[in-house]
file start17.cif (mmCIF, C-alpha atoms)
data_data
loop_
_atom_site.group_PDB
_atom_site.id
_atom_site.type_symbol
_atom_site.label_atom_id
_atom_site.label_comp_id
_atom_site.auth_asym_id
_atom_site.auth_seq_id
_atom_site.Cartn_x
_atom_site.Cartn_y
_atom_site.Cartn_z
ATOM 1 C CA MET A 1 -16.661 2.050 -2.219
ATOM 2 C CA SER A 2 -19.324 4.435 -1.036
ATOM 3 C CA GLU A 3 -18.491 7.847 0.292
ATOM 4 C CA GLY A 4 -17.113 7.955 3.800
ATOM 5 C CA SER A 5 -16.756 11.299 5.558
ATOM 6 C CA LEU A 6 -14.138 10.782 8.247
ATOM 7 C CA LEU A 7 -13.027 14.268 9.271
ATOM 8 C CA ASP A 8 -13.519 17.967 8.572
ATOM 9 C CA LEU A 9 -11.256 20.286 10.515
ATOM 10 C CA GLY A 10 -10.457 23.931 10.008
ATOM 11 C CA PRO A 11 -9.500 26.625 9.975
ATOM 12 C CA VAL A 12 -7.035 25.779 12.776
ATOM 13 C CA ASN A 13 -4.382 28.120 14.156
ATOM 14 C CA ASP A 14 -3.200 25.843 16.969
ATOM 15 C CA ARG A 15 -0.052 24.077 15.743
ATOM 16 C CA ASP A 16 -0.334 21.174 18.173
ATOM 17 C CA ARG A 17 -3.955 20.555 17.278
ATOM 18 C CA ILE A 18 -3.406 20.336 13.521
ATOM 19 C CA ARG A 19 -0.213 18.337 13.968
ATOM 20 C CA ALA A 20 -2.057 15.788 16.123
ATOM 21 C CA ALA A 21 -4.908 15.532 13.610
ATOM 22 C CA VAL A 22 -2.598 15.065 10.625
ATOM 23 C CA SER A 23 -0.526 12.568 12.627
ATOM 24 C CA ASP A 24 -3.644 10.486 13.240
ATOM 25 C CA VAL A 25 -4.275 10.316 9.481
ATOM 26 C CA PHE A 26 -0.656 9.657 8.445
ATOM 27 C CA THR A 27 2.110 9.359 11.033
ATOM 28 C CA PRO A 28 3.650 11.432 13.866
ATOM 29 C CA HIS A 29 5.828 14.264 12.584
ATOM 30 C CA ALA A 30 7.465 17.539 13.549
ATOM 31 C CA LEU A 31 5.715 20.719 12.389
ATOM 32 C CA ASP A 32 7.490 24.084 12.445
ATOM 33 C CA VAL A 33 5.584 27.275 11.562
ATOM 34 C CA MET A 34 7.276 30.497 10.452
ATOM 35 C CA LYS A 35 7.430 32.810 13.450
ATOM 36 C CA GLY A 36 4.683 35.383 13.441
ATOM 37 C CA ALA A 37 2.716 33.762 10.608
ATOM 38 C CA VAL A 38 -0.941 32.781 10.968
ATOM 39 C CA LEU A 39 -1.154 29.009 10.525
ATOM 40 C CA ASP A 40 -4.721 28.945 9.123
ATOM 41 C CA ALA A 41 -4.612 25.179 8.494
ATOM 42 C CA SER A 42 -7.366 22.787 7.486
ATOM 43 C CA LEU A 43 -7.782 19.039 7.107
ATOM 44 C CA ARG A 44 -10.478 17.015 5.383
ATOM 45 C CA VAL A 45 -10.565 13.233 5.032
ATOM 46 C CA ARG A 46 -12.728 11.015 2.842
ATOM 47 C CA GLU A 47 -12.527 7.284 2.230
ATOM 48 C CA ALA A 48 -13.105 5.519 -1.078
ATOM 49 C CA GLY A 49 -12.650 1.789 -0.656
ATOM 50 C CA ARG A 50 -8.976 1.042 -0.062
ATOM 51 C CA ILE A 51 -7.974 4.605 -0.968
ATOM 52 C CA LYS A 52 -8.080 7.421 1.562
ATOM 53 C CA LEU A 53 -8.250 10.963 0.147
ATOM 54 C CA VAL A 54 -6.958 13.741 2.366
ATOM 55 C CA TRP A 55 -7.089 17.498 1.727
ATOM 56 C CA VAL A 56 -4.491 19.482 3.684
ATOM 57 C CA ALA A 57 -3.859 23.247 3.591
ATOM 58 C CA TYR A 58 -1.483 25.572 5.452
ATOM 59 C CA GLY A 59 -1.850 29.342 5.239
ATOM 60 C CA ALA A 60 1.589 29.877 6.754
ATOM 61 C CA PRO A 61 4.965 28.612 5.511
ATOM 62 C CA VAL A 62 5.677 25.377 7.376
ATOM 63 C CA LYS A 63 8.407 22.767 7.612
ATOM 64 C CA ILE A 64 7.457 19.131 8.223
ATOM 65 C CA ASP A 65 9.939 16.413 9.246
ATOM 66 C CA VAL A 66 8.798 12.791 9.050
ATOM 67 C CA THR A 67 10.575 9.675 10.270
ATOM 68 C CA PRO A 68 9.693 6.268 8.734
ATOM 69 C CA PRO A 69 6.356 5.125 10.217
ATOM 70 C CA PRO A 70 5.837 1.595 11.584
ATOM 71 C CA GLN A 71 2.897 1.063 9.216
ATOM 72 C CA ARG A 72 3.767 1.081 5.544
ATOM 73 C CA PHE A 73 1.745 3.052 3.022
ATOM 74 C CA HIS A 74 2.175 5.097 -0.143
ATOM 75 C CA LEU A 75 1.320 8.799 -0.260
ATOM 76 C CA ILE A 76 0.690 10.460 -3.606
ATOM 77 C CA GLN A 77 0.698 14.193 -2.881
ATOM 78 C CA ILE A 78 -0.982 16.401 -5.505
ATOM 79 C CA PRO A 79 -0.612 20.173 -4.917
ATOM 80 C CA LEU A 80 -3.744 22.216 -5.550
ATOM 81 C CA SER A 81 -2.147 25.586 -4.824
ATOM 82 C CA GLY A 82 1.287 26.876 -3.891
ATOM 83 C CA ARG A 83 4.502 24.850 -3.887
ATOM 84 C CA VAL A 84 6.056 22.208 -1.652
ATOM 85 C CA SER A 85 9.747 21.260 -1.631
ATOM 86 C CA ILE A 86 10.323 17.630 -0.667
ATOM 87 C CA VAL A 87 13.500 15.775 0.258
ATOM 88 C CA SER A 88 12.969 12.017 0.525
ATOM 89 C CA GLY A 89 16.143 10.052 1.180
ATOM 90 C CA SER A 90 18.599 11.082 -1.552
ATOM 91 C CA GLU A 91 15.900 12.524 -3.874
ATOM 92 C CA GLU A 92 14.556 16.069 -3.987
ATOM 93 C CA VAL A 93 11.707 17.662 -5.947
ATOM 94 C CA VAL A 94 9.721 20.902 -6.005
ATOM 95 C CA SER A 95 6.077 19.917 -6.240
ATOM 96 C CA ASN A 96 3.429 22.177 -7.788
ATOM 97 C CA SER A 97 0.202 21.835 -9.743
ATOM 98 C CA SER A 98 2.048 20.028 -12.549
ATOM 99 C CA THR A 99 4.215 17.765 -10.383
ATOM 100 C CA ALA A 100 3.007 15.378 -7.705
ATOM 101 C CA SER A 101 5.313 13.697 -5.203
ATOM 102 C CA ILE A 102 5.501 10.160 -3.854
ATOM 103 C CA PRO A 103 7.948 10.151 -0.915
ATOM 104 C CA ASP A 104 9.318 6.793 0.189
ATOM 105 C CA ALA A 105 7.784 5.975 3.581
ATOM 106 C CA ARG A 106 10.835 3.860 4.424
ATOM 107 C CA VAL A 107 13.248 6.802 4.594
ATOM 108 C CA PRO A 108 13.190 10.163 6.435
ATOM 109 C CA CYS A 109 11.396 12.975 4.630
ATOM 110 C CA THR A 110 11.474 16.769 4.954
ATOM 111 C CA MET A 111 8.821 18.999 3.358
ATOM 112 C CA ARG A 112 8.734 22.782 3.138
ATOM 113 C CA TRP A 113 5.341 24.241 2.290
ATOM 114 C CA GLU A 114 5.148 27.780 0.952
ATOM 115 C CA ALA A 115 2.432 30.072 2.323
ATOM 116 C CA ASN A 116 -1.112 29.322 1.142
ATOM 117 C CA SER A 117 -0.260 25.850 -0.165
ATOM 118 C CA SER A 118 -2.737 22.991 -0.304
ATOM 119 C CA GLU A 119 -2.721 19.378 -1.471
ATOM 120 C CA VAL A 120 -5.004 16.443 -2.007
ATOM 121 C CA ILE A 121 -3.153 13.350 -0.858
ATOM 122 C CA LEU A 122 -3.990 9.756 -1.687
ATOM 123 C CA ARG A 123 -3.051 7.302 1.056
ATOM 124 C CA ILE A 124 -2.839 3.732 -0.260
ATOM 125 C CA GLU A 125 -1.844 0.935 2.097
ATOM 126 C CA GLU A 126 1.317 -0.820 0.963
ATOM 127 C CA ASP A 127 -0.345 -4.238 1.189
ATOM 128 C CA ALA A 128 -3.235 -3.175 -1.071
ATOM 129 C CA LEU A 129 -0.921 -1.852 -3.803
ATOM 130 C CA HIS A 130 1.428 -4.816 -3.364
ATOM 131 C CA ARG A 131 -1.411 -7.263 -4.003
ATOM 132 C CA HIS A 132 -2.644 -5.246 -6.958
ATOM 133 C CA LEU A 133 0.806 -5.332 -8.521
ATOM 134 C CA GLU A 134 0.958 -9.098 -8.021
ATOM 135 C CA SER A 135 -2.386 -9.487 -9.778
ATOM 136 C CA LEU A 136 -1.005 -7.536 -12.756
ATOM 137 C CA LEU A 137 2.276 -9.429 -12.901
ATOM 138 C CA GLY A 138 0.800 -12.846 -12.230
ATOM 139 C CA TYR A 139 3.406 -13.817 -9.640
ATOM 140 C CA PRO A 140 4.364 -12.806 -6.076
ATOM 141 C CA VAL A 141 6.769 -9.921 -5.514
ATOM 142 C CA LYS A 142 9.173 -10.013 -2.609
ATOM 143 C CA THR A 143 10.517 -6.478 -2.199
ATOM 144 C CA PRO A 144 8.627 -3.238 -1.490
ATOM 145 C CA ILE A 145 7.448 -1.009 -4.330
ATOM 146 C CA ARG A 146 9.694 2.051 -4.544
ATOM 147 C CA PHE A 147 8.463 4.914 -6.715
ATOM 148 C CA ALA A 148 10.472 7.761 -8.183
ATOM 149 C CA LEU A 149 9.807 10.873 -6.090
ATOM 150 C CA GLY A 150 8.503 13.314 -8.708
ATOM 151 C CA MET A 151 5.455 12.522 -10.873
ATOM 152 C CA SER A 152 4.570 14.663 -13.907
ATOM 153 C CA LEU A 153 0.867 15.476 -14.128
ATOM 154 C CA ASN A 154 0.863 17.577 -17.309
ATOM 155 C CA SER A 155 2.555 15.176 -19.716
ATOM 156 C CA GLY A 156 2.636 11.458 -20.474
ATOM 157 C CA PRO A 157 0.528 8.890 -18.612
ATOM 158 C CA GLY A 158 0.480 11.009 -15.457
ATOM 159 C CA THR A 159 -2.052 13.298 -17.149
ATOM 160 C CA GLY A 160 -4.525 10.432 -17.614
ATOM 161 C CA TRP A 161 -3.949 9.197 -14.086
ATOM 162 C CA ARG A 162 -4.729 12.648 -12.655
ATOM 163 C CA THR A 163 -7.961 12.643 -14.688
ATOM 164 C CA ALA A 164 -8.919 9.312 -13.103
ATOM 165 C CA VAL A 165 -8.256 10.744 -9.621
ATOM 166 C CA ASP A 166 -10.358 13.819 -10.418
ATOM 167 C CA MET A 167 -13.185 11.540 -11.531
ATOM 168 C CA MET A 168 -12.966 9.581 -8.274
ATOM 169 C CA ILE A 169 -13.112 12.821 -6.275
ATOM 170 C CA THR A 170 -16.106 14.079 -8.266
ATOM 171 C CA GLU A 171 -18.012 10.833 -7.775
ATOM 172 C CA LEU A 172 -17.036 10.689 -4.112
ATOM 173 C CA HIS A 173 -18.876 13.925 -3.431
ATOM 174 C CA ARG A 174 -21.868 13.347 -5.685
ATOM 175 C CA ASP A 175 -25.045 11.752 -4.323
ATOM 176 C CA GLY A 176 -26.147 8.849 -6.474
ATOM 177 C CA GLY A 177 -22.822 8.770 -8.292
ATOM 178 C CA LEU A 178 -20.845 5.818 -9.617
ATOM 179 C CA LEU A 179 -19.332 5.073 -6.234
ATOM 180 C CA ASP A 180 -22.743 3.993 -4.985
ATOM 181 C CA SER A 181 -22.409 0.981 -7.282
ATOM 182 C CA PRO A 182 -20.057 -1.672 -5.816
ATOM 183 C CA LEU A 183 -19.219 -2.920 -9.305
ATOM 184 C CA ALA A 184 -18.399 0.523 -10.708
ATOM 185 C CA SER A 185 -16.546 1.630 -7.588
ATOM 186 C CA ALA A 186 -14.337 -1.479 -7.609
ATOM 187 C CA GLN A 187 -13.508 -0.894 -11.267
ATOM 188 C CA LEU A 188 -12.660 2.771 -10.671
ATOM 189 C CA GLU A 189 -10.468 1.916 -7.692
ATOM 190 C CA SER A 190 -8.674 -0.744 -9.747
ATOM 191 C CA PHE A 191 -8.164 1.757 -12.580
ATOM 192 C CA VAL A 192 -6.585 4.302 -10.216
ATOM 193 C CA LEU A 193 -4.226 1.682 -8.744
ATOM 194 C CA THR A 194 -3.283 0.268 -12.150
ATOM 195 C CA GLY A 195 -2.815 3.765 -13.571
ATOM 196 C CA LEU A 196 -0.452 4.680 -10.754
ATOM 197 C CA LEU A 197 1.670 1.571 -11.330
ATOM 198 C CA VAL A 198 1.758 2.191 -15.079
ATOM 199 C CA ALA A 199 2.258 5.978 -15.030
ATOM 200 C CA GLN A 200 4.936 6.367 -12.363
ATOM 201 C CA PRO A 201 8.386 4.697 -12.604
ATOM 202 C CA HIS A 202 9.193 2.206 -9.852
ATOM 203 C CA ASN A 203 11.369 -0.836 -9.293
ATOM 204 C CA TYR A 204 8.876 -3.174 -11.000
ATOM 205 C CA SER A 205 8.161 -0.975 -14.028
ATOM 206 C CA SER A 206 10.306 -2.999 -16.427
ATOM 207 C CA ALA A 207 8.589 -6.234 -15.393
ATOM 208 C CA LEU A 208 5.185 -4.598 -15.692
ATOM 209 C CA HIS A 209 5.846 -3.254 -19.186
ATOM 210 C CA THR A 210 7.414 -6.390 -20.682
ATOM 211 C CA ASN A 211 5.356 -8.946 -22.551
ATOM 212 C CA SER A 212 3.489 -11.486 -20.459
ATOM 213 C CA PRO A 213 5.600 -14.543 -19.527
ATOM 214 C CA PRO A 214 4.848 -17.847 -21.243
ATOM 215 C CA ALA A 215 2.295 -20.144 -19.678
ATOM 216 C CA ARG A 216 3.640 -22.048 -16.697
ATOM 217 C CA PRO A 217 4.362 -25.752 -17.134
ATOM 218 C CA ARG A 218 1.686 -28.155 -15.954
ATOM 219 C CA GLY A 219 3.719 -29.309 -12.937
ATOM 220 C CA VAL A 220 4.227 -25.749 -11.671
ATOM 221 C CA ARG A 221 0.552 -24.889 -12.183
ATOM 222 C CA LYS A 222 -0.474 -28.020 -10.323
ATOM 223 C CA ALA A 223 1.879 -27.179 -7.449
ATOM 224 C CA LEU A 224 0.520 -23.625 -7.217
ATOM 225 C CA GLU A 225 -3.048 -24.916 -7.121
ATOM 226 C CA TYR A 226 -2.138 -27.404 -4.390
ATOM 227 C CA ILE A 227 -0.458 -24.723 -2.266
ATOM 228 C CA GLU A 228 -3.433 -22.377 -2.604
ATOM 229 C CA ALA A 229 -5.890 -25.130 -1.621
ATOM 230 C CA GLU A 230 -3.848 -26.862 1.094
ATOM 231 C CA CYS A 231 -1.569 -24.186 2.563
ATOM 232 C CA ASP A 232 -2.546 -25.145 6.128
ATOM 233 C CA ARG A 233 -1.089 -28.640 5.665
ATOM 234 C CA ALA A 234 2.502 -29.709 6.330
ATOM 235 C CA ILE A 235 4.064 -29.127 2.915
ATOM 236 C CA THR A 236 7.701 -29.598 1.954
ATOM 237 C CA THR A 237 9.325 -29.205 -1.440
ATOM 238 C CA GLU A 238 9.851 -32.958 -1.598
ATOM 239 C CA ARG A 239 6.211 -33.753 -0.812
ATOM 240 C CA LEU A 240 5.053 -31.119 -3.274
ATOM 241 C CA ALA A 241 7.302 -32.570 -5.986
ATOM 242 C CA ALA A 242 5.948 -36.054 -5.328
ATOM 243 C CA HIS A 243 2.369 -34.742 -5.550
ATOM 244 C CA VAL A 244 2.929 -33.240 -9.002
ATOM 245 C CA GLY A 245 5.109 -36.108 -10.245
ATOM 246 C CA THR A 246 8.509 -34.465 -10.626
ATOM 247 C CA SER A 247 11.766 -34.134 -8.735
ATOM 248 C CA ALA A 248 12.348 -31.548 -6.018
ATOM 249 C CA ARG A 249 15.214 -30.063 -8.012
ATOM 250 C CA ALA A 250 13.105 -29.731 -11.168
ATOM 251 C CA LEU A 251 10.272 -28.145 -9.179
ATOM 252 C CA GLN A 252 12.676 -25.645 -7.616
ATOM 253 C CA ARG A 253 13.963 -24.656 -11.077
ATOM 254 C CA GLY A 254 10.418 -24.396 -12.434
ATOM 255 C CA PHE A 255 9.330 -22.090 -9.615
ATOM 256 C CA GLN A 256 12.368 -19.841 -9.972
ATOM 257 C CA GLU A 257 11.855 -19.551 -13.727
ATOM 258 C CA HIS A 258 8.070 -19.180 -13.878
ATOM 259 C CA VAL A 259 7.053 -17.836 -10.445
ATOM 260 C CA GLY A 260 10.124 -15.894 -9.370
ATOM 261 C CA CYS A 261 10.629 -17.569 -6.011
ATOM 262 C CA SER A 262 11.028 -20.992 -4.409
ATOM 263 C CA PRO A 263 8.023 -23.241 -3.596
ATOM 264 C CA MET A 264 8.505 -22.621 0.142
ATOM 265 C CA GLU A 265 8.703 -18.843 -0.331
ATOM 266 C CA TYR A 266 5.457 -18.958 -2.276
ATOM 267 C CA LEU A 267 3.862 -21.139 0.416
ATOM 268 C CA ARG A 268 4.935 -18.723 3.153
ATOM 269 C CA ASP A 269 3.490 -15.777 1.225
ATOM 270 C CA VAL A 270 0.154 -17.562 0.717
ATOM 271 C CA ARG A 271 0.010 -18.397 4.428
ATOM 272 C CA LEU A 272 0.822 -14.830 5.446
ATOM 273 C CA LYS A 273 -1.894 -13.432 3.187
ATOM 274 C CA ARG A 274 -4.413 -15.946 4.508
ATOM 275 C CA ALA A 275 -3.510 -15.077 8.095
ATOM 276 C CA ARG A 276 -3.874 -11.348 7.389
ATOM 277 C CA ASP A 277 -7.274 -11.841 5.765
ATOM 278 C CA ALA A 278 -8.404 -13.819 8.828
ATOM 279 C CA LEU A 279 -7.049 -11.207 11.256
ATOM 280 C CA LEU A 280 -8.773 -8.371 9.397
ATOM 281 C CA ALA A 281 -12.054 -10.286 9.242
ATOM 282 C CA ALA A 282 -12.019 -11.290 12.920
ATOM 283 C CA ASP A 283 -14.278 -9.543 15.412
ATOM 284 C CA PRO A 284 -11.925 -7.790 17.886
ATOM 285 C CA SER A 285 -14.407 -8.501 20.698
ATOM 286 C CA SER A 286 -14.363 -12.250 20.050
ATOM 287 C CA ASN A 287 -12.071 -14.695 21.786
ATOM 288 C CA LEU A 288 -10.243 -15.544 18.575
ATOM 289 C CA SER A 289 -6.489 -15.265 19.144
ATOM 290 C CA VAL A 290 -3.489 -14.628 16.952
ATOM 291 C CA THR A 291 -2.234 -18.096 17.883
ATOM 292 C CA GLU A 292 -5.381 -19.778 16.579
ATOM 293 C CA ILE A 293 -5.255 -17.855 13.317
ATOM 294 C CA ALA A 294 -1.551 -18.584 12.850
ATOM 295 C CA LEU A 295 -2.074 -22.301 13.403
ATOM 296 C CA ASP A 296 -5.103 -22.386 11.091
ATOM 297 C CA SER A 297 -2.983 -20.705 8.407
ATOM 298 C CA GLY A 298 -0.278 -23.357 8.639
ATOM 299 C CA PHE A 299 2.291 -21.683 10.910
ATOM 300 C CA MET A 300 3.718 -23.929 13.608
ATOM 301 C CA HIS A 301 6.425 -21.583 14.909
ATOM 302 C CA LEU A 302 4.554 -18.598 16.387
ATOM 303 C CA GLY A 303 7.632 -16.463 17.040
ATOM 304 C CA ARG A 304 8.759 -16.802 13.445
ATOM 305 C CA PHE A 305 5.222 -16.064 12.266
ATOM 306 C CA SER A 306 5.189 -12.730 14.120
ATOM 307 C CA VAL A 307 8.582 -11.750 12.716
ATOM 308 C CA GLU A 308 7.677 -12.673 9.123
ATOM 309 C CA TYR A 309 4.250 -11.028 9.432
ATOM 310 C CA ARG A 310 5.761 -7.755 10.612
ATOM 311 C CA GLN A 311 8.372 -7.812 7.849
ATOM 312 C CA ARG A 312 5.652 -8.395 5.246
ATOM 313 C CA PHE A 313 2.932 -6.016 6.492
ATOM 314 C CA GLY A 314 4.732 -3.482 8.713
ATOM 315 C CA GLU A 315 2.808 -4.297 11.896
ATOM 316 C CA LEU A 316 2.376 -7.093 14.419
ATOM 317 C CA PRO A 317 -0.458 -9.633 13.985
ATOM 318 C CA SER A 318 -1.968 -8.415 17.273
ATOM 319 C CA GLN A 319 -2.167 -4.872 15.886
ATOM 320 C CA THR A 320 -4.086 -6.102 12.835
ATOM 321 C CA LEU A 321 -6.459 -8.091 15.045
ATOM 322 C CA ARG A 322 -7.278 -5.035 17.188
ATOM 323 C CA ARG A 323 -8.442 -2.919 14.223
#
call {"tool": "encode", "arguments": {"input": "start17.cif", "output": "structure tokens"}}
result
Amino acid sequence: MSEGSLLDLGPVNDRDRIRAAVSDVFTPHALDVMKGAVLDASLRVREAGRIKLVWVAYGAPVKIDVTPPPQRFHLIQIPLSGRVSIVSGSEEVVSNSSTASIPDARVPCTMRWEANSSEVILRIEEDALHRHLESLLGYPVKTPIRFALGMSLNSGPGTGWRTAVDMMITELHRDGGLLDSPLASAQLESFVLTGLLVAQPHNYSSALHTNSPPARPRGVRKALEYIEAECDRAITTERLAAHVGTSARALQRGFQEHVGCSPMEYLRDVRLKRARDALLAADPSSNLSVTEIALDSGFMHLGRFSVEYRQRFGELPSQTLRR
């Protein structure tokens, strides 16, 4: 997670120019500037592993309207100066130096920035946080993570999380800092992601804060291991049950109780993750196709694969391959 300087822009007084630049970092949006005010905007982008840090400032009062983007990500917006009023779906919050905001990217959002307001914004891809949550819970999760809009930064666990973010920013800009060490940078990134999931309420908070579930029965563990190792093979619940020496009905009950989904839902999720890893790792200039990757990952129905992939990751397989 070494420092990556992606963009430095500003000061900018051309509304269309700053809107286009911010749109490239996040998503297209409408930007209205108070008539007669000097925009005096700036944008700076750095990359730290799977986390993108973005500094945005507007000298003029502005209104920003955002529609749900096709790509799913989480934005944690931390004001550095001024105030920003945010309406995200049915929630509303006034964000300042003591209150961050996490608008839901799946619903429309309106933001009103006061004059001379600035923020540092963490952009975290939905898939990265989704996988991190699964690693903490120990089982796959099927619905998107939905955070509460307002996040306190001057009380409770939010204070410690902000300290971790400040440490990441410090190390990001320091030559020879911790982020030059892959081991230390991975640990710091993991700490920031875990801290976010622990500090801010969301729809999986109760599951995350309960005691760890009991160890899975041997048959379920054996079935999980088989799926992970052989997901490209033709697997049915009946064949899986026969492999582990139980009935299909008993295996279904075991998965629902100890994994939180059916064996076939777990298999599909493993295949989708494997396909995404292969698409991201593929050289865009090679002749490797989405069809080949889908087949190698165990998908026989290509149309269904594209639909399920887009539902899971917010983009088409071909879009991932072209990155």
call {"tool": "closest_residue", "arguments": {"input": "start17.cif", "among": "A:Ala199, A:Ala282, A:Val66, A:Leu288", "to": "Gly160 (chain A)", "atoms": "only C-alpha atoms"}}
result
A:Ala199
call {"tool": "resolve_selection", "arguments": {"input": "start17.cif", "expression": "the PyMOL selection byres ((chain A and resi 12) around 6)", "output": "MDAnalysis selection string"}}
result
chainID A and resid 10:11 13:14 40:41
call {"tool": "closest_residue", "arguments": {"input": "start17.cif", "among": "A:Leu316, A:Ile18, A:Ala186, A:Ala148", "to": "Ala30 (chain A)", "atoms": "only C-alpha atoms"}}
result
A:Ile18
call {"tool": "residues_around", "arguments": {"input": "start17.cif", "residues": "Asp283 (chain A)", "least_positions_apart": "5", "cutoff": "10 Å", "atoms": "all atoms listed in the file", "output": "list in words"}}
result
Ala278, Leu288, Leu321, Arg322 and Arg323 of chain A
call {"tool": "write_last_selection", "arguments": {"input": "start17.cif", "atoms": "C-alpha atoms", "output": "CSV table (one decimal), keeping the file's coordinate frame"}}
result
chain,number,residue,atom,x,y,z
A,278,ALA,CA,-8.4,-13.8,8.8
A,288,LEU,CA,-10.2,-15.5,18.6
A,321,LEU,CA,-6.5,-8.1,15.0
A,322,ARG,CA,-7.3,-5.0,17.2
A,323,ARG,CA,-8.4,-2.9,14.2
call {"tool": "residues_around", "arguments": {"input": "start17.cif", "residues": "Lys273 (chain A)", "least_positions_apart": "4", "cutoff": "12 Å", "atoms": "all atoms listed in the file", "output": "short mmCIF file (atom, residue, chain, number, x, y, z; two decimals) with C-alpha atoms, in the coordinates of the input"}}
result
data_model
loop_
_atom_site.label_atom_id
_atom_site.label_comp_id
_atom_site.auth_asym_id
_atom_site.auth_seq_id
_atom_site.Cartn_x
_atom_site.Cartn_y
_atom_site.Cartn_z
CA ASP A 127 -0.34 -4.24 1.19
CA ALA A 128 -3.24 -3.18 -1.07
CA HIS A 130 1.43 -4.82 -3.36
CA ARG A 131 -1.41 -7.26 -4.00
CA PRO A 140 4.36 -12.81 -6.08
CA GLU A 228 -3.43 -22.38 -2.60
CA CYS A 231 -1.57 -24.19 2.56
CA TYR A 266 5.46 -18.96 -2.28
CA LEU A 267 3.86 -21.14 0.42
CA ARG A 268 4.93 -18.72 3.15
CA ASP A 269 3.49 -15.78 1.23
CA ASP A 277 -7.27 -11.84 5.76
CA ALA A 278 -8.40 -13.82 8.83
CA LEU A 279 -7.05 -11.21 11.26
CA LEU A 280 -8.77 -8.37 9.40
CA ILE A 293 -5.26 -17.86 13.32
CA ALA A 294 -1.55 -18.58 12.85
CA SER A 297 -2.98 -20.70 8.41
CA GLY A 298 -0.28 -23.36 8.64
CA PHE A 305 5.22 -16.06 12.27
CA GLU A 308 7.68 -12.67 9.12
CA TYR A 309 4.25 -11.03 9.43
CA ARG A 312 5.65 -8.40 5.25
CA PHE A 313 2.93 -6.02 6.49
CA PRO A 317 -0.46 -9.63 13.98
#
call {"tool": "residues_around", "arguments": {"input": "start17.cif", "residues": "Ala248 (chain A)", "least_positions_apart": "3", "cutoff": "10 Å", "atoms": "all atoms listed in the file", "output": "number ranges by chain"}}
result
A: 236-242, 245, 251-254, 263
call {"tool": "resolve_selection", "arguments": {"input": "start17.cif", "expression": "the PyMOL selection byres ((chain A and resi 54) around 12)", "output": "ChimeraX atom specification"}}
result
/A:4-9,21-22,24-26,42-48,51-53,55-57,75-79,118-124,169
call {"tool": "atom_distance", "arguments": {"input": "start17.cif", "atom1": "CA of Ser206 (chain A)", "atom2": "CA of Leu133 (chain A)"}}
result
12.6 Å
call {"tool": "atom_distance", "arguments": {"input": "start17.cif", "atom1": "CA of Ser152 (chain A)", "atom2": "CA of His209 (chain A)"}}
result
18.7 Å
call {"tool": "atom_distance", "arguments": {"input": "start17.cif", "atom1": "CA of Ala250 (chain A)", "atom2": "CA of Arg218 (chain A)"}}
result
12.5 Å
call {"tool": "closest_residue", "arguments": {"input": "start17.cif", "among": "A:Cys109, A:Leu272, A:Ala229, A:Val141", "to": "Pro68 (chain A)", "atoms": "all atoms listed in the file"}}
result
A:Cys109
call {"tool": "residues_around", "arguments": {"input": "start17.cif", "residues": "region 87-89 of chain A", "least_positions_apart": "3", "cutoff": "7 Å", "atoms": "only C-alpha atoms", "output": "count of residues only"}}
result
9
call {"tool": "residues_near_point", "arguments": {"input": "start17.cif", "point": "(-1.6, 32.3, 4.3)", "cutoff": "7 Å", "atoms": "only C-alpha atoms", "output": "PyMOL selection string"}}
result
chain A and resi 38+40+58-60+115-116
call {"tool": "resolve_selection", "arguments": {"input": "start17.cif", "expression": "the PyMOL selection byres ((chain A and resi 165) around 10)", "output": "NGL selection string"}}
result
:A and (53 or 122 or 160-164 or 166-171 or 188-189 or 191-193 or 195-196)
call {"tool": "axis_aligned_box", "arguments": {"input": "start17.cif", "around": "region 145-161 of chain A", "padding_each_side": "8 Å", "output": "AutoDock Vina command-line options"}}
result
--center_x 3.0 --center_y 8.3 --center_z -12.4 --size_x 31.0 --size_y 34.6 --size_z 32.1
call {"tool": "closest_residue", "arguments": {"input": "start17.cif", "among": "A:Ile86, A:Val270, A:Leu179, A:Ala184", "to": "Leu224 (chain A)", "atoms": "only C-alpha atoms"}}
result
A:Val270
call {"tool": "closest_residue", "arguments": {"input": "start17.cif", "among": "A:Leu149, A:Ser289, A:Ser318, A:Lys35", "to": "Ser90 (chain A)", "atoms": "only C-alpha atoms"}}
result
A:Leu149
call {"tool": "closest_residue", "arguments": {"input": "start17.cif", "among": "A:Glu126, A:Asp32, A:Glu91, A:Glu230", "to": "His74 (chain A)", "atoms": "all atoms listed in the file"}}
result
A:Glu126
